[in-house]
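Engineer: Below: one structure in structure tokens.
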Amino acid sequence: MRCALLLPILLAVLGSCATVPNRSPQWRSQVVLEVPGTKLLGCAIGDADPQHFGNEIAVAAGNGLVYVVRHQDDTWHHEVAAALRGEPIQCAIGDVDRLHEGAEIVTVGMLRGDEDTGSGGAAMLLRRTDSGWEKVELLRTNALLHGVCIGDVDPTRVGIELAVAGADGEVHLVWQSGVGWASKIIGEVPGTAKSMTLGLGGLLVACDDGSLVRFRLRPRGWVRDVVSTGSSALARVGATFGMAIWCANDGALRLLREGYEEVVLRSTDRLRGAVLADLDPSRTGLEGATAGYDGLISVIHGGPIAWERLSHHGGVAHVFEITVVAADSDRLHHLAAGPLPQRGTALVACGYSGRVTCVWWAGE
């Protein structure tokens with residue numbers, strides 16, 4: 001099989017073949033929030049507001065504002081949930097507060113000022129009440145917090161927890177204790193932690209030294225192992241129980257499954273998105289997705305479960321069909337996936353243009 005030539009910004013490597021990226025009319029995109037002159041750094045999808053039906057989009061802005069965007073009455077609305085003293089880098093949505101109805105937003109970033117001020121890090125919880133949005137400080141650290149994950153990190157505890165990490169390499173577990181909050185350090189990573197997720201049977205941390213590190217709880221305590229190592233700083237990671245996908249500053253999007261690691265997409269600029277989700281209901285299995293400094297949002301088709309294996313020079317090669325589903329005029333800094341009203345499982349990207357773009361499968 002002959003490899004098709006790709007656009008200069010997207011190149012299949014490691015012996016993989018792919019079709020030319022295309023802009024399929026089966027995918028729709030819409031700008032759902034625009035804040036000119038403001039860098040939007042992180043986004044997440046979840047049911048953060050129990051007063052409204054369906055999921056919302058949380059967006060962390062470089063000016064300290066946290067926006068909540070919702071689809072209601074056939075249009076998109078937004079409000080400011082918090083004005084933080086420090087720059088928030090990433091955010092997540094999940095039910096970490098058992099005493100509060102519904103899920104909450106958690107942001108991580110600086111305690112005060114921006115990333116260059118060195119004022120220490122903070123994790124902040126935002127919850128919607130009858131009187132409006134409340135802000136609760138969960139954790140302070142000596143250095144910037146950059147990665148956040150909400151889920152059942154510690155299966156020995158009731159409920160779900162919060163994991164955060166950042167520039168000092170310490171991985172913190174935070175949980176609700178009575179009416180307050182408790183935390184402990186479960187381990188360290190060899191570089192600055194840039195992104196975190198649950199997958200491959202543990203907590204995965206993408207680090208700027210090029211390592212993808214996994215933490216698993218064993219009878220003797222938390223055990224750390226390195227899943228992958230590379231020469232370029234990692235940026236974002238997504239995973240399921242059996243697969244992981246992550247991106248790096250060298251423009252590569254890598255996939256690991258069944259012990260086999262390969263590059264599925266390469267950009268000429270830094271990537272800032274790594275998603276595994278069932279984005280295309282017309283196909284079996286999951287899709288991958290990424291976004292980055294080239295301004296493109298791309299979907300890798302076929303599904304990691306269903307991606308075809310072919311004999312290639314005596315080895316194994318995979319076919320990855322790449323579709324550019326949307327583009328922004330400036331750098332994209334984060335990509336999230338999740339169900340949204342009237343959109344199914346959608347992608348949401350944000351970045352330096354101040355726009356939040358929603359992308360979804362529209363069908364035949």
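For the structure tokens, the naming scheme is as follows: chains receive sequential letters (A, B, ...) according to their order of presentation, residues are indexed from 1 within each chain, and ligands are indexed from 1 in presentation order.
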Skip range 68-71 of chain A itself and residues of its chain fewer than 4 positions away, then list as a PyMOL selection string all residues within 8 Å of it, counting only C-alpha atoms.
Structural biologist: chain A and resi 32-33+55-59+75-81+341
Engineer: Would you write out those residues with N, CA, C and O atoms, as a compact mmCIF listing (two decimals), in the first residue's frame?
Structural biologist:
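Writing done, so here's out.txt:
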```txt
# COMPACT_ATOMS: atom_id res chain seq x y z
N VAL A 32 -18.45 29.22 20.35
CA VAL A 32 -19.48 29.34 21.39
C VAL A 32 -19.14 30.41 22.42
O VAL A 32 -19.98 30.77 23.24
N LEU A 33 -17.92 30.90 22.40
CA LEU A 33 -17.52 32.00 23.28
C LEU A 33 -16.35 32.71 22.61
O LEU A 33 -15.45 32.06 22.06
N ASN A 55 -24.88 19.22 30.14
CA ASN A 55 -23.51 19.61 30.45
C ASN A 55 -23.21 21.04 30.03
O ASN A 55 -23.83 21.58 29.11
N GLU A 56 -22.22 21.60 30.70
CA GLU A 56 -21.70 22.91 30.35
C GLU A 56 -20.23 22.80 29.96
O GLU A 56 -19.61 21.74 30.11
N ILE A 57 -19.68 23.90 29.50
CA ILE A 57 -18.26 24.01 29.18
C ILE A 57 -17.64 24.99 30.18
O ILE A 57 -18.12 26.11 30.33
N ALA A 58 -16.62 24.56 30.87
CA ALA A 58 -15.85 25.44 31.74
C ALA A 58 -14.60 25.88 31.00
O ALA A 58 -13.95 25.07 30.32
N VAL A 59 -14.26 27.16 31.12
CA VAL A 59 -13.12 27.71 30.40
C VAL A 59 -12.29 28.55 31.36
O VAL A 59 -12.81 29.44 32.03
N THR A 75 -29.34 28.60 21.61
CA THR A 75 -28.20 29.50 21.49
C THR A 75 -27.24 29.26 22.64
O THR A 75 -27.56 28.53 23.59
N TRP A 76 -26.05 29.85 22.56
CA TRP A 76 -25.03 29.68 23.58
C TRP A 76 -24.99 30.90 24.49
O TRP A 76 -24.99 32.03 24.03
N HIS A 77 -24.95 30.63 25.78
CA HIS A 77 -24.87 31.69 26.79
C HIS A 77 -23.63 31.45 27.64
O HIS A 77 -23.15 30.32 27.75
N HIS A 78 -23.12 32.51 28.25
CA HIS A 78 -21.99 32.33 29.15
C HIS A 78 -22.11 33.28 30.34
O HIS A 78 -22.81 34.29 30.29
N GLU A 79 -21.44 32.91 31.40
CA GLU A 79 -21.33 33.74 32.59
C GLU A 79 -19.96 33.55 33.20
O GLU A 79 -19.27 32.55 32.93
N VAL A 80 -19.55 34.49 34.04
CA VAL A 80 -18.28 34.38 34.75
C VAL A 80 -18.55 33.72 36.10
O VAL A 80 -19.32 34.24 36.92
N ALA A 81 -17.93 32.55 36.31
CA ALA A 81 -18.13 31.82 37.56
C ALA A 81 -17.18 32.31 38.65
O ALA A 81 -17.49 32.18 39.84
N PRO A 341 -25.53 19.21 24.92
CA PRO A 341 -26.91 19.20 24.42
C PRO A 341 -26.96 19.42 22.92
O PRO A 341 -26.33 20.34 22.39
```
Engineer: Counting only C-alpha atoms, what is within 8 Å of Leu145 in chain A, bar same-chain residues fewer than 6 positions away, as a PDB file with all heavy atoms, in the first residue's frame?
Structural biologist:
```pdb
ATOM      1  N   ILE A  89      -4.510  27.522  34.679  1.00  0.00           N
ATOM      2  CA  ILE A  89      -3.929  26.906  33.492  1.00  0.00           C
ATOM      3  C   ILE A  89      -4.850  25.837  32.913  1.00  0.00           C
ATOM      4  O   ILE A  89      -5.067  25.762  31.709  1.00  0.00           O
ATOM      5  CB  ILE A  89      -2.557  26.289  33.812  1.00  0.00           C
ATOM      6  CG1 ILE A  89      -1.627  27.362  34.398  1.00  0.00           C
ATOM      7  CG2 ILE A  89      -1.938  25.671  32.565  1.00  0.00           C
ATOM      8  CD1 ILE A  89      -1.293  28.481  33.460  1.00  0.00           C
ATOM      9  N   VAL A 108      -6.623  24.655  38.257  1.00  0.00           N
ATOM     10  CA  VAL A 108      -5.259  24.636  38.788  1.00  0.00           C
ATOM     11  C   VAL A 108      -4.436  25.673  38.039  1.00  0.00           C
ATOM     12  O   VAL A 108      -4.662  25.940  36.868  1.00  0.00           O
ATOM     13  CB  VAL A 108      -4.599  23.253  38.663  1.00  0.00           C
ATOM     14  CG1 VAL A 108      -5.272  22.250  39.573  1.00  0.00           C
ATOM     15  CG2 VAL A 108      -4.601  22.754  37.220  1.00  0.00           C
ATOM     16  N   GLY A 109      -3.491  26.268  38.750  1.00  0.00           N
ATOM     17  CA  GLY A 109      -2.644  27.287  38.151  1.00  0.00           C
ATOM     18  C   GLY A 109      -1.848  27.993  39.214  1.00  0.00           C
ATOM     19  O   GLY A 109      -1.284  27.371  40.120  1.00  0.00           O
ATOM     20  N   MET A 110      -1.833  29.340  39.136  1.00  0.00           N
ATOM     21  CA  MET A 110      -1.094  30.159  40.079  1.00  0.00           C
ATOM     22  C   MET A 110      -1.993  30.620  41.222  1.00  0.00           C
ATOM     23  O   MET A 110      -3.192  30.826  41.042  1.00  0.00           O
ATOM     24  CB  MET A 110      -0.526  31.388  39.368  1.00  0.00           C
ATOM     25  CG  MET A 110       0.426  31.069  38.225  1.00  0.00           C
ATOM     26  SD  MET A 110       1.878  30.133  38.749  1.00  0.00           S
ATOM     27  CE  MET A 110       2.666  31.311  39.847  1.00  0.00           C
ATOM     28  N   GLY A 121       1.470  27.787  43.589  1.00  0.00           N
ATOM     29  CA  GLY A 121       0.327  27.237  42.878  1.00  0.00           C
ATOM     30  C   GLY A 121      -0.894  27.103  43.758  1.00  0.00           C
ATOM     31  O   GLY A 121      -0.825  27.191  44.985  1.00  0.00           O
ATOM     32  N   ALA A 122      -2.035  26.872  43.106  1.00  0.00           N
ATOM     33  CA  ALA A 122      -3.289  26.708  43.842  1.00  0.00           C
ATOM     34  C   ALA A 122      -4.261  25.866  43.045  1.00  0.00           C
ATOM     35  O   ALA A 122      -4.287  25.914  41.813  1.00  0.00           O
ATOM     36  CB  ALA A 122      -3.916  28.068  44.155  1.00  0.00           C
ATOM     37  N   ALA A 123      -5.057  25.098  43.777  1.00  0.00           N
ATOM     38  CA  ALA A 123      -6.212  24.389  43.221  1.00  0.00           C
ATOM     39  C   ALA A 123      -7.462  24.996  43.842  1.00  0.00           C
ATOM     40  O   ALA A 123      -7.569  25.071  45.072  1.00  0.00           O
ATOM     41  CB  ALA A 123      -6.135  22.896  43.520  1.00  0.00           C
ATOM     42  N   VAL A 164      -3.627  16.490  41.491  1.00  0.00           N
ATOM     43  CA  VAL A 164      -3.034  17.679  40.873  1.00  0.00           C
ATOM     44  C   VAL A 164      -1.521  17.554  40.957  1.00  0.00           C
ATOM     45  O   VAL A 164      -0.972  16.903  41.854  1.00  0.00           O
ATOM     46  CB  VAL A 164      -3.497  18.983  41.559  1.00  0.00           C
ATOM     47  CG1 VAL A 164      -4.994  19.167  41.409  1.00  0.00           C
ATOM     48  CG2 VAL A 164      -3.107  19.011  43.030  1.00  0.00           C
ATOM     49  N   ALA A 165      -0.836  18.215  40.025  1.00  0.00           N
ATOM     50  CA  ALA A 165       0.623  18.225  40.012  1.00  0.00           C
ATOM     51  C   ALA A 165       1.093  19.385  39.156  1.00  0.00           C
ATOM     52  O   ALA A 165       0.320  19.969  38.396  1.00  0.00           O
ATOM     53  CB  ALA A 165       1.176  16.898  39.494  1.00  0.00           C
ATOM     54  N   GLY A 166       2.365  19.708  39.277  1.00  0.00           N
ATOM     55  CA  GLY A 166       2.859  20.852  38.530  1.00  0.00           C
ATOM     56  C   GLY A 166       4.358  20.941  38.472  1.00  0.00           C
ATOM     57  O   GLY A 166       5.068  19.939  38.317  1.00  0.00           O
ATOM     58  N   ALA A 167       4.883  22.172  38.661  1.00  0.00           N
ATOM     59  CA  ALA A 167       6.272  22.468  38.364  1.00  0.00           C
ATOM     60  C   ALA A 167       7.256  21.832  39.343  1.00  0.00           C
ATOM     61  O   ALA A 167       8.418  21.613  38.984  1.00  0.00           O
ATOM     62  CB  ALA A 167       6.479  23.978  38.340  1.00  0.00           C
TER      63      ALA A 167
END
```
Engineer: Neighbours of Ser183 in chain A within 10 Å (only C-alpha atoms; same-chain residues fewer than 2 positions away dropped), as a list in words?
Structural biologist: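 Here the qualifying residues turn out to be Leu138, Leu139, Glu161, Leu162, Ala163, His172, Leu173, Val174, Trp175, Gln176, Ser177, Trp181, Ile185 and Ile186 of chain A.
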Engineer: Can you pull out every residue from range 123-239 of chain A that DSSP, working from the backbone, puts in strand (DSSP E), and format the result as a PyMOL selection string?
Structural biologist: chain A and resi 123-129+132-141+145-151+161-166+170-177+180-188+193-199+202-207+212-218+221-228+234-239
Engineer: Pick out the residues sitting within 9 Å of Ala362 in chain A, and hand them over as an MDAnalysis selection string; count only C-alpha atoms, and ignore anything fewer than 2 positions along from it in its own chain.
Structural biologist: chainID A and resid 25:28 280 343 360 364
Engineer: Save the residues we just selected, all heavy atoms, as a PDB file, in the first residue's frame?
Structural biologist:
```pdb
ATOM      1  N   PRO A  25     -17.682  17.675   5.353  1.00  0.00           N
ATOM      2  CA  PRO A  25     -18.933  18.371   5.693  1.00  0.00           C
ATOM      3  C   PRO A  25     -19.749  17.634   6.748  1.00  0.00           C
ATOM      4  O   PRO A  25     -20.740  18.169   7.255  1.00  0.00           O
ATOM      5  CB  PRO A  25     -19.676  18.410   4.354  1.00  0.00           C
ATOM      6  CG  PRO A  25     -19.142  17.247   3.580  1.00  0.00           C
ATOM      7  CD  PRO A  25     -17.696  17.148   3.979  1.00  0.00           C
ATOM      8  N   GLN A  26     -19.345  16.421   7.078  1.00  0.00           N
ATOM      9  CA  GLN A  26     -20.042  15.683   8.127  1.00  0.00           C
ATOM     10  C   GLN A  26     -19.724  16.214   9.518  1.00  0.00           C
ATOM     11  O   GLN A  26     -20.378  15.849  10.491  1.00  0.00           O
ATOM     12  CB  GLN A  26     -19.680  14.201   8.033  1.00  0.00           C
ATOM     13  CG  GLN A  26     -20.141  13.558   6.724  1.00  0.00           C
ATOM     14  CD  GLN A  26     -19.577  12.188   6.526  1.00  0.00           C
ATOM     15  OE1 GLN A  26     -18.463  11.895   6.959  1.00  0.00           O
ATOM     16  NE2 GLN A  26     -20.336  11.310   5.896  1.00  0.00           N
ATOM     17  N   TRP A  27     -18.719  17.080   9.626  1.00  0.00           N
ATOM     18  CA  TRP A  27     -18.354  17.694  10.891  1.00  0.00           C
ATOM     19  C   TRP A  27     -18.750  19.161  10.878  1.00  0.00           C
ATOM     20  O   TRP A  27     -18.546  19.867   9.899  1.00  0.00           O
ATOM     21  CB  TRP A  27     -16.848  17.565  11.143  1.00  0.00           C
ATOM     22  CG  TRP A  27     -16.410  16.152  11.326  1.00  0.00           C
ATOM     23  CD1 TRP A  27     -16.011  15.283  10.358  1.00  0.00           C
ATOM     24  CD2 TRP A  27     -16.336  15.436  12.555  1.00  0.00           C
ATOM     25  NE1 TRP A  27     -15.696  14.069  10.904  1.00  0.00           N
ATOM     26  CE2 TRP A  27     -15.882  14.130  12.251  1.00  0.00           C
ATOM     27  CE3 TRP A  27     -16.602  15.772  13.881  1.00  0.00           C
ATOM     28  CZ2 TRP A  27     -15.690  13.167  13.232  1.00  0.00           C
ATOM     29  CZ3 TRP A  27     -16.413  14.823  14.864  1.00  0.00           C
ATOM     30  CH2 TRP A  27     -15.960  13.526  14.533  1.00  0.00           C
ATOM     31  N   ARG A  28     -19.331  19.607  11.973  1.00  0.00           N
ATOM     32  CA  ARG A  28     -19.719  21.008  12.113  1.00  0.00           C
ATOM     33  C   ARG A  28     -18.918  21.646  13.240  1.00  0.00           C
ATOM     34  O   ARG A  28     -18.537  20.973  14.197  1.00  0.00           O
ATOM     35  CB  ARG A  28     -21.214  21.118  12.433  1.00  0.00           C
ATOM     36  CG  ARG A  28     -22.123  20.458  11.406  1.00  0.00           C
ATOM     37  CD  ARG A  28     -22.299  21.299  10.164  1.00  0.00           C
ATOM     38  NE  ARG A  28     -23.136  20.615   9.180  1.00  0.00           N
ATOM     39  CZ  ARG A  28     -24.465  20.614   9.183  1.00  0.00           C
ATOM     40  NH1 ARG A  28     -25.107  21.261  10.150  1.00  0.00           N
ATOM     41  NH2 ARG A  28     -25.141  19.986   8.253  1.00  0.00           N
ATOM     42  N   ASP A 280     -17.429   9.812  16.484  1.00  0.00           N
ATOM     43  CA  ASP A 280     -18.119   9.543  15.217  1.00  0.00           C
ATOM     44  C   ASP A 280     -19.012   8.317  15.394  1.00  0.00           C
ATOM     45  O   ASP A 280     -18.544   7.183  15.338  1.00  0.00           O
ATOM     46  CB  ASP A 280     -17.081   9.302  14.127  1.00  0.00           C
ATOM     47  CG  ASP A 280     -17.706   9.104  12.752  1.00  0.00           C
ATOM     48  OD1 ASP A 280     -18.931   8.890  12.676  1.00  0.00           O
ATOM     49  OD2 ASP A 280     -16.974   9.156  11.755  1.00  0.00           O
ATOM     50  N   ARG A 343     -25.572  18.056  20.580  1.00  0.00           N
ATOM     51  CA  ARG A 343     -24.313  17.914  19.843  1.00  0.00           C
ATOM     52  C   ARG A 343     -23.731  16.508  19.952  1.00  0.00           C
ATOM     53  O   ARG A 343     -22.768  16.199  19.262  1.00  0.00           O
ATOM     54  CB  ARG A 343     -23.273  18.914  20.359  1.00  0.00           C
ATOM     55  CG  ARG A 343     -23.665  20.388  20.217  1.00  0.00           C
ATOM     56  CD  ARG A 343     -23.755  20.805  18.757  1.00  0.00           C
ATOM     57  NE  ARG A 343     -23.982  22.229  18.595  1.00  0.00           N
ATOM     58  CZ  ARG A 343     -25.164  22.820  18.573  1.00  0.00           C
ATOM     59  NH1 ARG A 343     -26.265  22.068  18.742  1.00  0.00           N
ATOM     60  NH2 ARG A 343     -25.290  24.117  18.385  1.00  0.00           N
ATOM     61  N   TRP A 360     -18.601  18.966  16.338  1.00  0.00           N
ATOM     62  CA  TRP A 360     -19.375  17.748  16.542  1.00  0.00           C
ATOM     63  C   TRP A 360     -19.704  17.093  15.208  1.00  0.00           C
ATOM     64  O   TRP A 360     -19.663  17.706  14.154  1.00  0.00           O
ATOM     65  CB  TRP A 360     -20.667  18.054  17.308  1.00  0.00           C
ATOM     66  CG  TRP A 360     -21.686  18.869  16.545  1.00  0.00           C
ATOM     67  CD1 TRP A 360     -22.774  18.415  15.849  1.00  0.00           C
ATOM     68  CD2 TRP A 360     -21.696  20.309  16.376  1.00  0.00           C
ATOM     69  NE1 TRP A 360     -23.454  19.463  15.281  1.00  0.00           N
ATOM     70  CE2 TRP A 360     -22.843  20.619  15.602  1.00  0.00           C
ATOM     71  CE3 TRP A 360     -20.867  21.353  16.831  1.00  0.00           C
ATOM     72  CZ2 TRP A 360     -23.136  21.935  15.243  1.00  0.00           C
ATOM     73  CZ3 TRP A 360     -21.169  22.651  16.479  1.00  0.00           C
ATOM     74  CH2 TRP A 360     -22.295  22.931  15.692  1.00  0.00           C
ATOM     75  N   GLU A 364     -24.558  12.166   7.990  1.00  0.00           N
ATOM     76  CA  GLU A 364     -24.458  12.142   6.524  1.00  0.00           C
ATOM     77  C   GLU A 364     -25.122  13.370   5.901  1.00  0.00           C
ATOM     78  O   GLU A 364     -26.086  13.894   6.410  1.00  0.00           O
ATOM     79  CB  GLU A 364     -25.137  10.863   6.000  1.00  0.00           C
ATOM     80  CG  GLU A 364     -24.508   9.585   6.557  1.00  0.00           C
ATOM     81  CD  GLU A 364     -23.060   9.397   6.141  1.00  0.00           C
ATOM     82  OE1 GLU A 364     -22.689   9.980   5.099  1.00  0.00           O
ATOM     83  OE2 GLU A 364     -22.341   8.693   6.826  1.00  0.00           O
TER      84      GLU A 364
END
```
Engineer: Using only C-alpha atoms, which protein or nucleic acid residues come within 12 Å of Ala82 in chain A? Drop anything in the same chain fewer than 5 positions from it, and give the result as a list in words.
Structural biologist: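 The contact residues come out as Ala58, Val59, Ala60, Ala61, Asn63, Gly64, Leu65, Val66, Tyr67, Val68, Glu87, Pro88, Ile105, Val106, Thr107, Met124, Leu125, Leu126, Arg127, Arg128, Gly132, Trp133, Glu134, Lys135 and Val136 of chain A.
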Engineer: So that I can see what lies close to Met196 in chain A, please list as a PyMOL selection string the residues with an atom at most 8 Å from it, counting only C-alpha atoms and leaving out residues fewer than 6 positions away in the same chain.
Structural biologist: chain A and resi 147-149+163-164+203-206+236-238
Engineer: Just the residues within 7 Å of Cys247 in chain A, please, counting only C-alpha atoms, with nothing from its chain fewer than 3 positions along; format it as a PDB file with N, CA and C atoms, in the first residue's frame.
Structural biologist:
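Heads up, here's the output in selection37.pdb:
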```pdb
ATOM      1  N   LEU A 234       6.344  16.526  27.001  1.00  0.00           N
ATOM      2  CA  LEU A 234       4.955  16.146  26.804  1.00  0.00           C
ATOM      3  C   LEU A 234       4.049  17.283  27.252  1.00  0.00           C
ATOM      4  N   ALA A 235       2.815  17.293  26.710  1.00  0.00           N
ATOM      5  CA  ALA A 235       1.909  18.404  26.991  1.00  0.00           C
ATOM      6  C   ALA A 235       0.541  17.951  27.493  1.00  0.00           C
ATOM      7  N   ARG A 236      -0.103  17.011  26.825  1.00  0.00           N
ATOM      8  CA  ARG A 236      -1.441  16.564  27.198  1.00  0.00           C
ATOM      9  C   ARG A 236      -1.509  15.045  27.059  1.00  0.00           C
ATOM     10  N   VAL A 237      -2.400  14.434  27.842  1.00  0.00           N
ATOM     11  CA  VAL A 237      -2.575  12.991  27.786  1.00  0.00           C
ATOM     12  C   VAL A 237      -4.048  12.657  27.961  1.00  0.00           C
ATOM     13  N   GLY A 251       5.462  18.065  18.191  1.00  0.00           N
ATOM     14  CA  GLY A 251       4.363  17.973  17.238  1.00  0.00           C
ATOM     15  C   GLY A 251       3.832  16.581  17.023  1.00  0.00           C
ATOM     16  N   ALA A 252       4.292  15.614  17.802  1.00  0.00           N
ATOM     17  CA  ALA A 252       3.860  14.226  17.619  1.00  0.00           C
ATOM     18  C   ALA A 252       2.711  13.878  18.557  1.00  0.00           C
ATOM     19  N   LEU A 253       1.740  13.161  18.022  1.00  0.00           N
ATOM     20  CA  LEU A 253       0.660  12.564  18.797  1.00  0.00           C
ATOM     21  C   LEU A 253       0.901  11.070  18.807  1.00  0.00           C
ATOM     22  N   ARG A 254       1.103  10.514  19.996  1.00  0.00           N
ATOM     23  CA  ARG A 254       1.477   9.113  20.126  1.00  0.00           C
ATOM     24  C   ARG A 254       0.352   8.303  20.758  1.00  0.00           C
ATOM     25  N   LEU A 271       1.794  20.468  19.867  1.00  0.00           N
ATOM     26  CA  LEU A 271       0.427  20.009  20.036  1.00  0.00           C
ATOM     27  C   LEU A 271      -0.010  20.206  21.481  1.00  0.00           C
ATOM     28  N   ARG A 272      -1.314  20.507  21.641  1.00  0.00           N
ATOM     29  CA  ARG A 272      -1.865  20.761  22.974  1.00  0.00           C
ATOM     30  C   ARG A 272      -3.221  20.065  23.156  1.00  0.00           C
ATOM     31  N   GLY A 273      -3.404  18.934  22.506  1.00  0.00           N
ATOM     32  CA  GLY A 273      -4.638  18.181  22.677  1.00  0.00           C
ATOM     33  C   GLY A 273      -4.397  16.701  22.526  1.00  0.00           C
ATOM     34  N   ALA A 274      -5.008  15.896  23.401  1.00  0.00           N
ATOM     35  CA  ALA A 274      -4.893  14.443  23.320  1.00  0.00           C
ATOM     36  C   ALA A 274      -6.170  13.836  23.876  1.00  0.00           C
TER      37      ALA A 274
END
```
Engineer: Would you mind telling me which residue in A:Leu217, A:Leu286, A:Ala291, A:Ala48 lies nearest to Thr156 in chain A when using only C-alpha atoms?
Structural biologist: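 Of all the options, A:Leu217 lies closest to Thr156 in chain A.
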Engineer: Using only C-alpha atoms, which of the listed residues (A:Leu99, A:Leu296, A:Thr357, A:Arg85) sits closest to Gly178 in chain A?
Structural biologist: A:Leu99
Engineer: Let me make sure I understand: among A:Ile300, A:Asp328, A:Arg257, A:Ala337, which one has the smallest atom-to-atom distance to Arg355 in chain A if we use only C-alpha atoms?
Structural biologist: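 Once distances to Arg355 in chain A are computed over only C-alpha atoms, the minimum belongs to A:Asp328.
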